[in-house]
>>> print(open('run-v8.cif').read())   # mmCIF, C-alpha atoms
data_start
loop_
_atom_site.label_atom_id
_atom_site.label_comp_id
_atom_site.auth_asym_id
_atom_site.auth_seq_id
_atom_site.Cartn_x
_atom_site.Cartn_y
_atom_site.Cartn_z
CA MET A 1 182.17 175.57 86.54
CA SER A 2 180.76 173.26 83.87
CA PHE A 3 177.74 171.07 84.56
CA VAL A 4 177.46 167.97 82.38
CA LYS A 5 175.24 164.92 82.65
CA ILE A 6 175.43 162.54 79.72
CA TRP A 7 174.30 159.03 80.63
CA VAL A 8 175.82 156.16 78.65
CA HIS A 9 174.96 152.46 78.89
CA LEU A 10 178.16 150.55 78.10
CA VAL A 11 178.38 146.84 77.36
CA PHE A 12 181.69 144.97 77.11
CA ALA A 13 182.13 141.33 76.09
CA THR A 14 185.00 139.02 76.93
CA LYS A 15 187.32 138.21 74.05
CA ASP A 16 185.60 135.74 71.73
CA ARG A 17 182.67 135.91 74.20
CA GLU A 18 184.32 133.23 76.31
CA PRO A 19 182.38 132.60 79.57
CA LEU A 20 185.34 133.54 81.79
CA LEU A 21 183.62 135.76 84.37
CA LYS A 22 182.77 133.06 86.88
CA LYS A 23 180.23 133.70 89.61
CA GLU A 24 182.85 133.00 92.31
CA PHE A 25 184.80 136.18 91.52
CA ARG A 26 182.48 138.37 89.43
CA ASN A 27 181.54 140.57 92.39
CA ASP A 28 185.24 141.08 93.19
CA VAL A 29 185.75 142.30 89.62
CA TYR A 30 182.82 144.70 89.96
CA LYS A 31 184.14 146.03 93.28
CA HIS A 32 187.55 146.56 91.71
CA ILE A 33 186.05 148.37 88.71
CA ILE A 34 183.97 150.57 91.05
CA GLU A 35 187.09 151.56 92.99
CA ASN A 36 189.11 152.11 89.81
CA CYS A 37 186.35 154.35 88.41
CA ARG A 38 186.27 156.33 91.65
CA GLU A 39 190.06 156.87 91.46
CA LYS A 40 189.83 157.97 87.82
CA GLU A 41 186.80 160.21 88.44
CA ILE A 42 184.54 158.11 86.24
CA PHE A 43 180.98 158.32 87.58
CA LEU A 44 179.72 154.74 87.51
CA GLN A 45 176.06 154.52 88.55
CA ALA A 46 175.55 150.77 88.06
CA ILE A 47 177.54 147.68 87.10
CA ASP A 48 176.69 144.03 86.63
CA GLY A 49 177.13 141.31 84.08
CA TYR A 50 177.24 137.64 83.38
CA THR A 51 179.81 135.06 82.33
CA GLU A 52 180.83 136.74 79.07
CA GLN A 53 179.78 140.36 79.40
CA LEU A 54 179.57 143.40 81.62
CA HIS A 55 177.08 146.28 81.66
CA GLY A 56 177.79 149.67 83.16
CA LEU A 57 175.88 152.92 83.40
CA ILE A 58 178.17 155.93 83.51
CA SER A 59 177.76 159.66 83.37
CA LEU A 60 180.49 161.23 81.25
CA GLY A 61 182.45 164.11 82.72
CA LYS A 62 183.14 167.25 80.71
CA ASP A 63 186.57 166.01 79.56
CA GLN A 64 185.69 162.34 79.11
CA THR A 65 184.90 160.39 75.97
CA ILE A 66 183.22 157.02 75.65
CA ALA A 67 186.36 155.61 74.03
CA LYS A 68 188.67 156.81 76.82
CA VAL A 69 186.37 155.67 79.64
CA SER A 70 185.94 152.27 77.98
CA GLN A 71 189.69 151.94 77.53
CA LEU A 72 190.37 152.81 81.17
CA ILE A 73 187.79 150.39 82.52
CA LYS A 74 188.60 147.49 80.20
CA GLY A 75 192.38 147.87 80.27
CA GLU A 76 192.75 148.18 84.02
CA SER A 77 190.21 145.46 84.85
CA SER A 78 191.79 142.92 82.48
CA PHE A 79 195.21 143.73 83.98
CA TRP A 80 193.80 143.19 87.50
CA ILE A 81 192.04 139.94 86.56
CA ASN A 82 195.27 138.56 85.06
CA LYS A 83 197.45 139.82 87.92
CA ASN A 84 195.20 137.96 90.36
CA ASN A 85 195.06 134.81 88.19
CA LEU A 86 191.26 134.72 88.28
CA THR A 87 190.94 132.88 84.96
CA PRO A 88 192.81 129.77 83.79
CA GLU A 89 193.82 131.49 80.57
CA LYS A 90 194.83 135.06 79.83
CA PHE A 91 191.82 137.33 80.25
CA ALA A 92 190.95 140.02 77.72
CA TRP A 93 187.93 142.05 76.68
CA GLN A 94 186.90 142.31 73.03
CA ASP A 95 188.11 145.51 71.40
CA ASP A 96 184.57 146.56 70.54
CA TYR A 97 181.78 147.60 72.87
CA PHE A 98 178.20 148.87 72.81
CA ALA A 99 177.45 152.39 73.96
CA VAL A 100 174.07 154.06 73.88
CA SER A 101 172.90 157.31 75.42
CA ILE A 102 170.21 157.16 78.09
CA SER A 103 167.80 159.93 78.96
CA GLU A 104 167.52 161.00 82.59
CA SER A 105 163.99 159.58 82.76
CA GLN A 106 165.30 156.13 81.75
CA VAL A 107 168.08 155.91 84.36
CA PRO A 108 166.03 153.95 86.95
CA ALA A 109 164.90 151.40 84.33
CA VAL A 110 168.44 150.96 82.98
CA VAL A 111 169.87 150.60 86.51
CA ASN A 112 167.25 147.91 87.21
CA TYR A 113 168.08 146.17 83.93
CA ILE A 114 171.82 146.24 84.70
CA LYS A 115 171.39 145.02 88.28
CA ASN A 116 169.47 141.93 87.10
CA GLN A 117 171.87 140.54 84.51
CA GLU A 118 172.18 137.04 85.96
CA LYS A 119 168.39 136.63 86.12
CA HIS A 120 168.01 138.21 82.67
CA HIS A 121 170.55 135.87 81.08
CA SER A 122 169.00 132.78 82.62
CA LYS A 123 166.22 133.38 80.05
CA LYS A 124 168.11 134.99 77.17
CA SER A 125 171.62 134.42 75.80
CA PHE A 126 174.09 137.23 75.26
CA ASN A 127 173.84 136.62 71.48
CA GLU A 128 170.08 137.11 71.65
CA GLU A 129 170.64 140.32 73.63
CA VAL A 130 173.17 141.54 71.06
CA ASN A 131 170.69 140.91 68.26
CA GLU A 132 168.00 142.84 70.16
CA PHE A 133 170.36 145.81 70.65
CA VAL A 134 171.30 145.76 66.97
CA THR A 135 167.63 145.81 65.97
CA ARG A 136 166.51 148.35 68.59
CA TYR A 137 169.26 150.85 67.79
CA GLY A 138 169.49 150.23 64.04
CA TRP A 139 173.13 149.17 64.14
CA LYS A 140 174.74 147.18 61.36
CA ILE A 141 177.18 144.38 62.19
CA ILE A 142 180.19 144.28 59.90
CA LYS A 143 181.88 140.91 59.88
CA ASP A 144 185.57 140.64 59.05
CA GLY A 145 186.06 138.77 55.79
#
>>> encode(input="run-v8.cif", output="C-alpha cells")
Amino acid sequence: MSFVKIWVHLVFATKDREPLLKKEFRNDVYKHIIENCREKEIFLQAIDGYTEQLHGLISLGKDQTIAKVSQLIKGESSFWINKNNLTPEKFAWQDDYFAVSISESQVPAVVNYIKNQEKHHSKKSFNEEVNEFVTRYGWKIIKDG
C-alpha cells in the first residue's frame, strides 16, 4: 500500500474574472464540488471563494495530478452550474489556475485562509491577491499578445 500526502492549494477564477458566483448559490456550488470530489476520490480538505474565484486545499492521491484534479473539479462544476441555470450567461472557469504546495505545518493556516474568503475579499480585490501570489511565489505572468 502506498502512503502519499501532498497538499496543494488550488485557486480557480471564473472566465474573464466575471463576478458570477453569487452569494445566493455559492454554498450550493461548494456542496456539489465536495460531493463530486468524494465520488472521484479527490481529498478536498477545504473550499471557499468569492464572486470570481474559488480556493481549495486538496491532498493528491498517488495516481492524481494537479492538472487532472483541476480538470475534474472545474469541468464538472461548470457543467452543474450551467445545467442548473445558476448564472444568467454560460458559466465557465478560466483555463489557467494557481497551484502551490503546502507543508503539513501550514495546513491549519491555509484552511483558515480559505474559509475566510468573503471577509478577506471585503478588504482586498482578487487582482490584488493575484499580484501578491505572483510576488510571493516568484511567478511571471505572460500576457497574450
>>> resolve_selection(input="run-v8.cif", expression="the PyMOL selection byres ((chain A and resi 67) around 12)", output="PyMOL selection string")
chain A and resi 8+10+60+63-66+68-75+95-99
>>> atom_distance(input="run-v8.cif", atom1="atom CA of Lys15 of chain A", atom2="atom CA of Lys40 of chain A")
24.2 Å
>>> resolve_selection(input="run-v8.cif", expression="the PyMOL selection byres ((chain A and resi 22-35) around 10)", output="JSON, numbers by chain")
{"A": [19, 20, 21, 36, 37, 38, 39, 40, 41, 42, 43, 44, 45, 46, 47, 48, 49, 50, 51, 52, 54, 56, 72, 73, 74, 76, 77, 78, 80, 81, 86, 87, 118]}
>>> atom_distance(input="run-v8.cif", atom1="atom CA of Lys119 of chain A", atom2="atom CA of Gln106 of chain A")
20.2 Å
>>> atom_distance(input="run-v8.cif", atom1="atom CA of His55 of chain A", atom2="atom CA of Ser2 of chain A")
27.3 Å
>>> closest_residue(input="run-v8.cif", among="A:Asn112, A:Lys123, A:Ile102, A:Glu18", to="Pro88 of chain A", atoms="only C-alpha atoms")
A:Glu18
>>> closest_residue(input="run-v8.cif", among="A:Gln117, A:Arg17, A:His9, A:Lys83", to="Val100 of chain A", atoms="all atoms listed in the file")
A:His9
